[in-house]
Amino acid sequence: MSDSLPKYWQSLAERAGELPEQTRNEFADELPVGVAASPPDASSRRDFFKVMGLSAAAAMVACQRAPVQKVIPYVARPDEVTPGTALWYASTCNGCSAQCGLLLKTRDGRPIKVEGNDEHPVSRGGVCSVGQASVLSLYDASRARFPTSARQRTAWATLDGVVTAGLREAAETGRAIRVVLPWVMGPTAEAAVKRFLSAYPTARTVRYEPLGELSAIGDAHLVTHGVRVVPDYRFDQAKVIASFGADFLGTWVSPVAFTRQYTEARDAAGKREMARHFQVEPALTLTGAAADRRFLVAPSDVTPALADLVRRLAVKAGRTVPTVASLPAPALEEAALEELADALWAQRGRALVVAGGDEVAAQVLASTANALLGNEGTTVSVADGVTLDADALTYGALLAELGAGAVGAVLFLGVNPAYADPRVEELEALLKAVPLTVATSDRLDETASLVRFHAPDSTALESWGDSEPRRGVLSLRQPAVAPLHETRAVVESLLAWAGGPASHHDFLRARWEAEVFPLAGAVSVDFGAFWDEAVRRGVVRLPATAVAAPAFREDGLAKALAGVARPSVEWELVLYPSVAVRDGAPANNGWLQEVPDPITKATWGNPACIAPARAKALGLSDGDVVRVRAGGKTVALPVLIQAGTHPSVIAVAVGYGRTKAGRVADGIGVNGYPLAAVVDGQARRSVPGVTVEATGEQQPLALTQTYHRLEGRPHVREAELAAFLANPRAGNEVEGAHGGNGSHPLSIWSGHEYKGHRWAMAVDLSACTGCSACVVSCQAENNIPSVGRDEVLRSREMHWMRIDRYYEGDEANPQVVHQPMMCQHCENAPCETVCPVLATVHSSEGLNQQVYNRCVGTRYCANNCPTKVRRFNWFDYKHDEPLERMVLNPDVVVRSRGVMEKCSLCVQRVTEAKATAHREGRPLRDGDVQTACQQSCPAKALHFGDINDPGSAVAKLSKDGRAFRLLEELNIGPSITYLTKIRNTGSGSET
């Protein structure tokens, strides 16, 4: 290896040259501290082989019958169903406020896979991990199955009668009716809310959001533009991006759409130019990991740093902003802020400033910075944004009204403040005095357990709906299956309680006919045809109409920025949403609990992240339990020493510590919400002045990617933009490489001859952000089981695809590279030479195949695999709840215990595409086959195809100057090509 290449490391232990415990125990009988041994009734595979001998074991395992299952045939096949053929439905995700476009795959009437809708102009075919996992949540056994009154089953008609009577009584006596609901529900759901409000004069909405980001953005633009709106951010139009704590690639506002825009703005290979990205943040995020320049600051310094930037931009613009000039200066180097201001000013009109968090002042400053730079109308558009409820009350105002005894009815529609707000004891006590309390959550969660009536909502895969993620873009949601239980869409509940019951479908269709169709410009097309086409495509784009954007105004800045200060404290707590579990709503989903966090690599829990320097000073190690105190509340969490964390910060992911989510999530991790500070009636996730105390206890962390070592090899490669523009192979010149094609001049292998297809994949490291949507997509497609925390602690996770995270540089603020890793389908596959029963063989189209009914589980192939991508199935992972088995993909066999498994490059999809092309009498075209990981990647970093086709994308990329393959010095000949990561730090190039 060339001495000029960077030295990468996966963990602090590896950087220090220490051997991780998991590596020491890889072939030993010891287990990590705190991990229980295997169940006493589980047979020891090693002892079995000792007693019986390998041949006898092979014979017995090979003859073992799979579990017997009964099947029931159709008596009369439905006309629209062909056994073995999938049906696809266009729909809209409801996993978060972004509401991306989806395609729902059904087999024999049951949804089994979620993918992205390429026709959706906002999400553009991408889906995040939460959207991917929504199909498993559909079959969640912990969902509510019928309506209840005082925890007792009741009929919908009975519930509607009692609720309607209670609402009328409250309205007639002049007592307030409060409807607590999310900020974003969709136009038709909002129309149902308006109809409900019009039926009850004392009713008002209360908007609630656990993370507070949409609320802060809306309130800020109410100050700066006079309208409560979340603007339409366009990262693809930006030349310079400055983010102050906004994890826009991970969890902020619309990460799927932003990821695609971001990768297009930074496509140096295609455009020969690349947007430059600055990140200012207190703890390492997915977005910070992708940044060219990352500045590490304390949480209380983020807003002052943004204020200092605004001061500098105002000077460059020849303007003064007196209110901003009086704010405290940040503890950030003068040169760093000047570099950032110069870079933004040089690209004014094509720059973008965004801010994360729930502080309105930060959002006001970000809006001011964009106005000074002239970005409005290009990289940020208020006119095209999502308008929020202007008349809504705050959650703090609701608690005040409850305390005054002025509320006669409270309806919680899809929100859970009893879990996600620190004032849960106050809420519980106050609700006891309210005559009518109703919740519509999909389960008896923490809030539903406090109310009298529970009217369970159907999931997004069972109900109709719509959304408008950008002005003029309307996305439809249609059900892929009838409600599995006795549930009802919240829109139908609102209409019934408003006195005008109607089905969700009829209400939606009628609103579209009255309001959408006249705007669509569908001349000579009747509404029926328009509606059918909208349902088929899942999205409608209305003709563009000029809308005057509200002008920026400074008159409200003084009041909005009045409370900005820099407290002098030892510790500051940062409560942040994880990429998988988010605010905790989807926590009862095993796929999301087990997907490793892209940064920490933690699963099944939320350790407290602290800086390496602070951990050394306190004598803390990974897994040491600490008590964190804030505002009179205390929680105990294990520590994870995380590179890239500010020394004053302790960062805790929210969404864990559920008590009434279901059997998967309950008791997993610790609830961090009680530590949130309440400022001016609003819960805040950045809390200064907390105390941290070691307990002397230890709790093992279920981490992945801690037990393989790089051994000094350059698994990832990167280059600076200026160097790449001068030399397409910059950063990719490695001693021992052989042209990037895995060939070797001397070999004992005779090679393979491919007369037809030869399947391969290319992975663009510059595009990959590490979001892990591909990991969950692969799991859903290939029936990969979730193994649970104890098995992850034993390094027995089953994911066929993983995202390796590598650090380079200083542990205090390292650079990060993500690398998707799957079976490399090697030409000279080391696994194929050692299998004693030919269970792993090479196909005539270049795929390394795993034959399950031959495999006897020797694990020789795993030991001989240099990329460590093969998994051994230790157990029969049963689905005790029959409903949960409905998520299994019938195109992929469910593996039994004792066999090896790994990525097949979705061979079932290859076969299906070939069959389709054969039926249509045409050759297979490039793009006909898309692997599960490729299809839903928000960044479009993965490319699959026939490398024997010179016109295919994968063939072209394999010959690119950035192309390299893993471990070329071993002559294994991988079929997976990686493309060097390009950064634009500004070193040796123009800003």
# chains A, B, ... in the order shown; residues from 1 in each chain; ligands from 1
>>> residues_around(residues="A:Phe295", least_positions_apart="2", cutoff="9 Å", atoms="only C-alpha atoms", output="MDAnalysis selection string")
chainID A and resid 278:282 288 293 297 332 336 813
>>> residues_around(residues="A:Asp624", least_positions_apart="3", cutoff="12 Å", atoms="only C-alpha atoms", output="PDB file with all heavy atoms, in the first residue's frame")
ATOM      1  N   VAL A  33     -18.825  -9.175  28.401  1.00  0.00           N
ATOM      2  CA  VAL A  33     -19.310  -9.025  29.760  1.00  0.00           C
ATOM      3  C   VAL A  33     -20.795  -8.687  29.747  1.00  0.00           C
ATOM      4  O   VAL A  33     -21.239  -7.805  29.017  1.00  0.00           O
ATOM      5  CB  VAL A  33     -18.509  -7.919  30.490  1.00  0.00           C
ATOM      6  CG1 VAL A  33     -19.078  -7.694  31.881  1.00  0.00           C
ATOM      7  CG2 VAL A  33     -17.037  -8.299  30.550  1.00  0.00           C
ATOM      8  N   PRO A 607     -27.197   4.615  23.640  1.00  0.00           N
ATOM      9  CA  PRO A 607     -26.147   5.026  24.572  1.00  0.00           C
ATOM     10  C   PRO A 607     -25.942   6.531  24.558  1.00  0.00           C
ATOM     11  O   PRO A 607     -26.312   7.225  23.602  1.00  0.00           O
ATOM     12  CB  PRO A 607     -24.909   4.294  24.036  1.00  0.00           C
ATOM     13  CG  PRO A 607     -25.203   4.063  22.595  1.00  0.00           C
ATOM     14  CD  PRO A 607     -26.676   3.844  22.498  1.00  0.00           C
ATOM     15  N   ALA A 608     -25.347   7.033  25.630  1.00  0.00           N
ATOM     16  CA  ALA A 608     -25.022   8.455  25.737  1.00  0.00           C
ATOM     17  C   ALA A 608     -23.647   8.691  25.127  1.00  0.00           C
ATOM     18  O   ALA A 608     -22.651   8.125  25.597  1.00  0.00           O
ATOM     19  CB  ALA A 608     -25.041   8.896  27.196  1.00  0.00           C
ATOM     20  N   CYS A 609     -23.586   9.501  24.075  1.00  0.00           N
ATOM     21  CA  CYS A 609     -22.329   9.736  23.364  1.00  0.00           C
ATOM     22  C   CYS A 609     -21.569  10.894  24.008  1.00  0.00           C
ATOM     23  O   CYS A 609     -22.133  11.966  24.238  1.00  0.00           O
ATOM     24  CB  CYS A 609     -22.604  10.051  21.897  1.00  0.00           C
ATOM     25  SG  CYS A 609     -23.418   8.723  20.995  1.00  0.00           S
ATOM     26  N   ILE A 610     -20.286  10.667  24.294  1.00  0.00           N
ATOM     27  CA  ILE A 610     -19.424  11.725  24.813  1.00  0.00           C
ATOM     28  C   ILE A 610     -18.111  11.716  24.044  1.00  0.00           C
ATOM     29  O   ILE A 610     -17.771  10.741  23.365  1.00  0.00           O
ATOM     30  CB  ILE A 610     -19.150  11.565  26.328  1.00  0.00           C
ATOM     31  CG1 ILE A 610     -18.387  10.269  26.600  1.00  0.00           C
ATOM     32  CG2 ILE A 610     -20.453  11.604  27.116  1.00  0.00           C
ATOM     33  CD1 ILE A 610     -17.965  10.140  28.054  1.00  0.00           C
ATOM     34  N   ALA A 615     -14.047  11.543  27.939  1.00  0.00           N
ATOM     35  CA  ALA A 615     -14.075  10.204  28.513  1.00  0.00           C
ATOM     36  C   ALA A 615     -12.756   9.875  29.204  1.00  0.00           C
ATOM     37  O   ALA A 615     -12.739   9.277  30.292  1.00  0.00           O
ATOM     38  CB  ALA A 615     -14.370   9.175  27.420  1.00  0.00           C
ATOM     39  N   LEU A 618     -12.526  11.620  32.550  1.00  0.00           N
ATOM     40  CA  LEU A 618     -13.414  11.062  33.574  1.00  0.00           C
ATOM     41  C   LEU A 618     -13.148   9.585  33.834  1.00  0.00           C
ATOM     42  O   LEU A 618     -13.776   8.998  34.726  1.00  0.00           O
ATOM     43  CB  LEU A 618     -14.875  11.245  33.151  1.00  0.00           C
ATOM     44  CG  LEU A 618     -15.356  12.691  32.990  1.00  0.00           C
ATOM     45  CD1 LEU A 618     -16.783  12.715  32.466  1.00  0.00           C
ATOM     46  CD2 LEU A 618     -15.275  13.428  34.322  1.00  0.00           C
ATOM     47  N   GLY A 619     -12.250   8.992  33.060  1.00  0.00           N
ATOM     48  CA  GLY A 619     -11.958   7.570  33.237  1.00  0.00           C
ATOM     49  C   GLY A 619     -13.083   6.667  32.805  1.00  0.00           C
ATOM     50  O   GLY A 619     -13.282   5.580  33.372  1.00  0.00           O
ATOM     51  N   LEU A 620     -13.847   7.065  31.788  1.00  0.00           N
ATOM     52  CA  LEU A 620     -14.990   6.288  31.319  1.00  0.00           C
ATOM     53  C   LEU A 620     -14.615   5.468  30.093  1.00  0.00           C
ATOM     54  O   LEU A 620     -13.798   5.885  29.263  1.00  0.00           O
ATOM     55  CB  LEU A 620     -16.155   7.208  30.972  1.00  0.00           C
ATOM     56  CG  LEU A 620     -16.795   7.979  32.136  1.00  0.00           C
ATOM     57  CD1 LEU A 620     -17.844   8.943  31.605  1.00  0.00           C
ATOM     58  CD2 LEU A 620     -17.411   7.010  33.144  1.00  0.00           C
ATOM     59  N   SER A 621     -15.228   4.300  29.974  1.00  0.00           N
ATOM     60  CA  SER A 621     -15.066   3.424  28.815  1.00  0.00           C
ATOM     61  C   SER A 621     -16.432   3.105  28.240  1.00  0.00           C
ATOM     62  O   SER A 621     -17.468   3.334  28.884  1.00  0.00           O
ATOM     63  CB  SER A 621     -14.362   2.119  29.217  1.00  0.00           C
ATOM     64  OG  SER A 621     -13.102   2.380  29.805  1.00  0.00           O
ATOM     65  N   ARG A 627     -25.283   8.560  35.280  1.00  0.00           N
ATOM     66  CA  ARG A 627     -26.567   9.205  35.561  1.00  0.00           C
ATOM     67  C   ARG A 627     -26.536  10.610  34.990  1.00  0.00           C
ATOM     68  O   ARG A 627     -25.590  11.355  35.238  1.00  0.00           O
ATOM     69  CB  ARG A 627     -26.830   9.265  37.066  1.00  0.00           C
ATOM     70  CG  ARG A 627     -27.107   7.937  37.712  1.00  0.00           C
ATOM     71  CD  ARG A 627     -27.624   8.132  39.135  1.00  0.00           C
ATOM     72  NE  ARG A 627     -27.688   6.865  39.846  1.00  0.00           N
ATOM     73  CZ  ARG A 627     -26.725   6.370  40.596  1.00  0.00           C
ATOM     74  NH1 ARG A 627     -25.594   7.063  40.743  1.00  0.00           N
ATOM     75  NH2 ARG A 627     -26.867   5.212  41.202  1.00  0.00           N
ATOM     76  N   ALA A 636     -30.399   6.909  33.665  1.00  0.00           N
ATOM     77  CA  ALA A 636     -29.112   6.208  33.644  1.00  0.00           C
ATOM     78  C   ALA A 636     -28.927   5.561  32.287  1.00  0.00           C
ATOM     79  O   ALA A 636     -29.813   4.840  31.807  1.00  0.00           O
ATOM     80  CB  ALA A 636     -29.068   5.157  34.750  1.00  0.00           C
ATOM     81  N   LEU A 637     -27.776   5.827  31.669  1.00  0.00           N
ATOM     82  CA  LEU A 637     -27.494   5.308  30.336  1.00  0.00           C
ATOM     83  C   LEU A 637     -26.046   4.820  30.254  1.00  0.00           C
ATOM     84  O   LEU A 637     -25.163   5.365  30.923  1.00  0.00           O
ATOM     85  CB  LEU A 637     -27.681   6.377  29.265  1.00  0.00           C
ATOM     86  CG  LEU A 637     -28.996   7.101  29.137  1.00  0.00           C
ATOM     87  CD1 LEU A 637     -28.873   8.474  29.746  1.00  0.00           C
ATOM     88  CD2 LEU A 637     -29.391   7.221  27.678  1.00  0.00           C
ATOM     89  N   PRO A 638     -25.787   3.832  29.394  1.00  0.00           N
ATOM     90  CA  PRO A 638     -24.400   3.443  29.137  1.00  0.00           C
ATOM     91  C   PRO A 638     -23.726   4.459  28.220  1.00  0.00           C
ATOM     92  O   PRO A 638     -24.378   5.086  27.381  1.00  0.00           O
ATOM     93  CB  PRO A 638     -24.534   2.087  28.448  1.00  0.00           C
ATOM     94  CG  PRO A 638     -25.873   2.136  27.790  1.00  0.00           C
ATOM     95  CD  PRO A 638     -26.745   2.963  28.681  1.00  0.00           C
ATOM     96  N   VAL A 639     -22.445   4.622  28.390  1.00  0.00           N
ATOM     97  CA  VAL A 639     -21.671   5.600  27.617  1.00  0.00           C
ATOM     98  C   VAL A 639     -21.132   4.959  26.352  1.00  0.00           C
ATOM     99  O   VAL A 639     -20.724   3.791  26.346  1.00  0.00           O
ATOM    100  CB  VAL A 639     -20.510   6.142  28.486  1.00  0.00           C
ATOM    101  CG1 VAL A 639     -19.428   6.772  27.627  1.00  0.00           C
ATOM    102  CG2 VAL A 639     -21.028   7.164  29.485  1.00  0.00           C
ATOM    103  N   LEU A 640     -21.132   5.726  25.276  1.00  0.00           N
ATOM    104  CA  LEU A 640     -20.428   5.357  24.057  1.00  0.00           C
ATOM    105  C   LEU A 640     -19.477   6.495  23.721  1.00  0.00           C
ATOM    106  O   LEU A 640     -19.908   7.640  23.549  1.00  0.00           O
ATOM    107  CB  LEU A 640     -21.397   5.128  22.893  1.00  0.00           C
ATOM    108  CG  LEU A 640     -20.742   4.877  21.531  1.00  0.00           C
ATOM    109  CD1 LEU A 640     -19.938   3.585  21.554  1.00  0.00           C
ATOM    110  CD2 LEU A 640     -21.783   4.832  20.416  1.00  0.00           C
ATOM    111  N   ILE A 641     -18.197   6.197  23.652  1.00  0.00           N
ATOM    112  CA  ILE A 641     -17.211   7.223  23.330  1.00  0.00           C
ATOM    113  C   ILE A 641     -17.246   7.433  21.821  1.00  0.00           C
ATOM    114  O   ILE A 641     -16.858   6.549  21.052  1.00  0.00           O
ATOM    115  CB  ILE A 641     -15.810   6.808  23.804  1.00  0.00           C
ATOM    116  CG1 ILE A 641     -15.841   6.506  25.303  1.00  0.00           C
ATOM    117  CG2 ILE A 641     -14.797   7.893  23.502  1.00  0.00           C
ATOM    118  CD1 ILE A 641     -14.564   5.914  25.829  1.00  0.00           C
ATOM    119  N   GLU A 693     -22.827  11.816  36.156  1.00  0.00           N
ATOM    120  CA  GLU A 693     -22.160  11.140  37.269  1.00  0.00           C
ATOM    121  C   GLU A 693     -22.013   9.655  36.949  1.00  0.00           C
ATOM    122  O   GLU A 693     -22.989   8.993  36.569  1.00  0.00           O
ATOM    123  CB  GLU A 693     -22.974  11.319  38.548  1.00  0.00           C
ATOM    124  CG  GLU A 693     -22.424  10.568  39.750  1.00  0.00           C
ATOM    125  CD  GLU A 693     -23.362  10.641  40.934  1.00  0.00           C
ATOM    126  OE1 GLU A 693     -24.455  11.245  40.801  1.00  0.00           O
ATOM    127  OE2 GLU A 693     -23.029  10.077  41.988  1.00  0.00           O
ATOM    128  N   ALA A 694     -20.807   9.121  37.104  1.00  0.00           N
ATOM    129  CA  ALA A 694     -20.576   7.695  36.864  1.00  0.00           C
ATOM    130  C   ALA A 694     -21.169   6.878  38.001  1.00  0.00           C
ATOM    131  O   ALA A 694     -21.116   7.271  39.171  1.00  0.00           O
ATOM    132  CB  ALA A 694     -19.082   7.423  36.738  1.00  0.00           C
ATOM    133  N   THR A 695     -21.748   5.718  37.662  1.00  0.00           N
ATOM    134  CA  THR A 695     -22.365   4.850  38.665  1.00  0.00           C
ATOM    135  C   THR A 695     -21.475   3.679  39.058  1.00  0.00           C
ATOM    136  O   THR A 695     -21.742   3.007  40.049  1.00  0.00           O
ATOM    137  CB  THR A 695     -23.689   4.293  38.134  1.00  0.00           C
ATOM    138  OG1 THR A 695     -23.424   3.429  37.006  1.00  0.00           O
ATOM    139  CG2 THR A 695     -24.625   5.419  37.711  1.00  0.00           C
ATOM    140  N   GLY A 696     -20.442   3.412  38.259  1.00  0.00           N
ATOM    141  CA  GLY A 696     -19.609   2.246  38.513  1.00  0.00           C
ATOM    142  C   GLY A 696     -20.157   0.963  37.918  1.00  0.00           C
ATOM    143  O   GLY A 696     -19.523  -0.089  38.003  1.00  0.00           O
ATOM    144  N   GLU A 697     -21.328   1.044  37.270  1.00  0.00           N
ATOM    145  CA  GLU A 697     -21.928  -0.132  36.641  1.00  0.00           C
ATOM    146  C   GLU A 697     -21.520  -0.214  35.182  1.00  0.00           C
ATOM    147  O   GLU A 697     -21.028   0.748  34.597  1.00  0.00           O
ATOM    148  CB  GLU A 697     -23.456  -0.068  36.767  1.00  0.00           C
ATOM    149  CG  GLU A 697     -23.959  -0.021  38.204  1.00  0.00           C
ATOM    150  CD  GLU A 697     -25.460   0.178  38.265  1.00  0.00           C
ATOM    151  OE1 GLU A 697     -26.081   0.314  37.185  1.00  0.00           O
ATOM    152  OE2 GLU A 697     -26.009   0.221  39.376  1.00  0.00           O
ATOM    153  N   GLN A 698     -21.726  -1.392  34.593  1.00  0.00           N
ATOM    154  CA  GLN A 698     -21.383  -1.624  33.199  1.00  0.00           C
ATOM    155  C   GLN A 698     -22.574  -2.248  32.478  1.00  0.00           C
ATOM    156  O   GLN A 698     -23.287  -3.078  33.040  1.00  0.00           O
ATOM    157  CB  GLN A 698     -20.174  -2.556  33.069  1.00  0.00           C
ATOM    158  CG  GLN A 698     -18.895  -1.876  32.636  1.00  0.00           C
ATOM    159  CD  GLN A 698     -18.798  -1.773  31.119  1.00  0.00           C
ATOM    160  OE1 GLN A 698     -19.434  -2.505  30.389  1.00  0.00           O
ATOM    161  NE2 GLN A 698     -17.988  -0.826  30.648  1.00  0.00           N
ATOM    162  N   GLN A 699     -22.785  -1.836  31.250  1.00  0.00           N
ATOM    163  CA  GLN A 699     -23.835  -2.419  30.417  1.00  0.00           C
ATOM    164  C   GLN A 699     -23.286  -2.600  29.015  1.00  0.00           C
ATOM    165  O   GLN A 699     -22.894  -1.627  28.373  1.00  0.00           O
ATOM    166  CB  GLN A 699     -25.068  -1.504  30.392  1.00  0.00           C
ATOM    167  CG  GLN A 699     -26.206  -2.042  29.547  1.00  0.00           C
ATOM    168  CD  GLN A 699     -27.405  -1.120  29.557  1.00  0.00           C
ATOM    169  OE1 GLN A 699     -27.722  -0.517  30.579  1.00  0.00           O
ATOM    170  NE2 GLN A 699     -28.064  -0.979  28.424  1.00  0.00           N
ATOM    171  N   PRO A 700     -23.225  -3.834  28.512  1.00  0.00           N
ATOM    172  CA  PRO A 700     -22.646  -4.041  27.177  1.00  0.00           C
ATOM    173  C   PRO A 700     -23.473  -3.362  26.101  1.00  0.00           C
ATOM    174  O   PRO A 700     -24.700  -3.299  26.189  1.00  0.00           O
ATOM    175  CB  PRO A 700     -22.655  -5.563  27.026  1.00  0.00           C
ATOM    176  CG  PRO A 700     -23.704  -6.043  27.965  1.00  0.00           C
ATOM    177  CD  PRO A 700     -23.689  -5.095  29.114  1.00  0.00           C
ATOM    178  N   LEU A 701     -22.803  -2.849  25.079  1.00  0.00           N
ATOM    179  CA  LEU A 701     -23.452  -2.169  23.975  1.00  0.00           C
ATOM    180  C   LEU A 701     -23.536  -3.093  22.774  1.00  0.00           C
ATOM    181  O   LEU A 701     -22.551  -3.737  22.410  1.00  0.00           O
ATOM    182  CB  LEU A 701     -22.675  -0.903  23.594  1.00  0.00           C
ATOM    183  CG  LEU A 701     -22.468   0.128  24.703  1.00  0.00           C
ATOM    184  CD1 LEU A 701     -21.621   1.283  24.193  1.00  0.00           C
ATOM    185  CD2 LEU A 701     -23.800   0.638  25.222  1.00  0.00           C
TER     186      LEU A 701
END
>>> select_by_dssp(residues="stretch 684-912 of chain A", states="helix (DSSP H, G or I)", output="JSON, numbers by chain")
{"A": [721, 722, 723, 724, 725, 726, 773, 774, 775, 776, 777, 778, 779, 780, 781, 789, 790, 791, 792, 793, 830, 831, 832, 833, 834, 860, 861, 862, 863, 864, 882, 883, 884, 885, 886, 887, 907, 908, 909, 910, 911, 912]}
>>> residues_around(residues="A:Leu136", least_positions_apart="2", cutoff="12 Å", atoms="only C-alpha atoms", output="PyMOL selection string")
chain A and resi 110-114+129-134+138-143+459+461+586-592+776-777+779-781+783+785-786+883-889
>>> select_by_dssp(residues="stretch 213-378 of chain A", states="strand (DSSP E or B)", output="list of chain:residue names")
A:Val229, A:Val230, A:Pro231, A:Asp232, A:Tyr233, A:Val240, A:Ile241, A:Ala242, A:Ser243, A:Phe244, A:Arg276, A:His277, A:Phe278, A:Gln279, A:Val280, A:Glu281, A:Arg293, A:Arg294, A:Phe295, A:Leu296, A:Ala351, A:Leu352, A:Val353, A:Val354, A:Ala355, A:Glu376
>>> write_last_selection(atoms="N, CA and C atoms", output="tab-separated table (two decimals), in the first residue's frame")
chain	number	residue	atom	x	y	z
A	229	VAL	N	-44.86	28.99	7.54
A	229	VAL	CA	-44.58	28.09	6.42
A	229	VAL	C	-43.24	27.42	6.61
A	230	VAL	N	-43.12	26.19	6.09
A	230	VAL	CA	-41.83	25.52	5.96
A	230	VAL	C	-41.41	25.66	4.50
A	231	PRO	N	-40.38	26.44	4.20
A	231	PRO	CA	-40.03	26.72	2.80
A	231	PRO	C	-39.64	25.45	2.04
A	232	ASP	N	-39.63	25.58	0.74
A	232	ASP	CA	-39.13	24.53	-0.14
A	232	ASP	C	-37.64	24.77	-0.33
A	233	TYR	N	-36.83	23.93	0.29
A	233	TYR	CA	-35.38	24.06	0.18
A	233	TYR	C	-34.89	23.28	-1.03
A	240	VAL	N	-22.94	26.60	-2.50
A	240	VAL	CA	-22.37	26.52	-1.17
A	240	VAL	C	-23.52	26.28	-0.19
A	241	ILE	N	-23.34	25.31	0.69
A	241	ILE	CA	-24.35	24.95	1.68
A	241	ILE	C	-23.75	25.14	3.06
A	242	ALA	N	-24.45	25.88	3.91
A	242	ALA	CA	-24.03	26.07	5.29
A	242	ALA	C	-25.14	25.58	6.20
A	243	SER	N	-24.87	24.55	6.97
A	243	SER	CA	-25.87	23.98	7.87
A	243	SER	C	-25.43	24.17	9.31
A	244	PHE	N	-26.32	24.74	10.10
A	244	PHE	CA	-26.06	24.96	11.52
A	244	PHE	C	-26.93	23.99	12.33
A	276	ARG	N	-20.09	23.06	-2.29
A	276	ARG	CA	-19.25	22.96	-1.11
A	276	ARG	C	-20.12	23.01	0.13
A	277	HIS	N	-19.83	22.15	1.08
A	277	HIS	CA	-20.72	21.96	2.23
A	277	HIS	C	-19.97	22.25	3.53
A	278	PHE	N	-20.48	23.21	4.31
A	278	PHE	CA	-19.99	23.53	5.64
A	278	PHE	C	-21.03	23.06	6.66
A	279	GLN	N	-20.56	22.46	7.75
A	279	GLN	CA	-21.46	21.99	8.81
A	279	GLN	C	-20.96	22.50	10.15
A	280	VAL	N	-21.84	23.16	10.90
A	280	VAL	CA	-21.54	23.61	12.25
A	280	VAL	C	-22.46	22.85	13.19
A	281	GLU	N	-21.90	22.05	14.09
A	281	GLU	CA	-22.74	21.18	14.93
A	281	GLU	C	-21.98	20.75	16.17
A	293	ARG	N	-16.27	20.70	5.21
A	293	ARG	CA	-15.66	21.39	6.34
A	293	ARG	C	-16.65	21.32	7.49
A	294	ARG	N	-16.20	20.76	8.60
A	294	ARG	CA	-17.08	20.59	9.76
A	294	ARG	C	-16.47	21.33	10.94
A	295	PHE	N	-17.26	22.22	11.55
A	295	PHE	CA	-16.82	22.99	12.70
A	295	PHE	C	-17.56	22.48	13.93
A	296	LEU	N	-16.80	22.12	14.95
A	296	LEU	CA	-17.36	21.55	16.17
A	296	LEU	C	-17.56	22.64	17.21
A	351	ALA	N	-26.45	30.18	-2.89
A	351	ALA	CA	-26.01	29.60	-1.63
A	351	ALA	C	-27.25	29.22	-0.82
A	352	LEU	N	-27.04	28.48	0.27
A	352	LEU	CA	-28.17	28.07	1.10
A	352	LEU	C	-27.70	27.93	2.54
A	353	VAL	N	-28.44	28.56	3.46
A	353	VAL	CA	-28.17	28.48	4.89
A	353	VAL	C	-29.37	27.84	5.56
A	354	VAL	N	-29.15	26.77	6.31
A	354	VAL	CA	-30.24	26.11	7.03
A	354	VAL	C	-29.82	25.91	8.48
A	355	ALA	N	-30.82	25.81	9.35
A	355	ALA	CA	-30.57	25.62	10.77
A	355	ALA	C	-31.47	24.51	11.29
A	376	GLU	N	-33.54	33.71	-1.88
A	376	GLU	CA	-34.97	33.43	-1.99
A	376	GLU	C	-35.40	33.40	-3.46
>>> closest_residue(among="A:Gln908, A:Thr251, A:Ser475, A:Thr85", to="A:Cys128", atoms="only C-alpha atoms")
A:Thr251
>>> residues_around(residues="A:Ala290", least_positions_apart="5", cutoff="8 Å", atoms="only C-alpha atoms", output="PDB file with N, CA and C atoms, in the first residue's frame")
ATOM      1  N   THR A 769     -24.502   8.386   1.445  1.00  0.00           N
ATOM      2  CA  THR A 769     -24.470   9.162   2.684  1.00  0.00           C
ATOM      3  C   THR A 769     -24.501   8.275   3.917  1.00  0.00           C
ATOM      4  N   VAL A 816     -15.217  11.356   7.702  1.00  0.00           N
ATOM      5  CA  VAL A 816     -15.951  10.094   7.703  1.00  0.00           C
ATOM      6  C   VAL A 816     -16.231   9.666   6.270  1.00  0.00           C
ATOM      7  N   VAL A 817     -16.097   8.369   6.020  1.00  0.00           N
ATOM      8  CA  VAL A 817     -16.461   7.783   4.733  1.00  0.00           C
ATOM      9  C   VAL A 817     -17.355   6.584   4.999  1.00  0.00           C
TER      10      VAL A 817
END
>>> residues_around(residues="A:Gln152", least_positions_apart="3", cutoff="10 Å", atoms="only C-alpha atoms", output="list in words")
Phe146, Pro147, Thr148, Ser149, Arg452, Phe453 and His454 of chain A
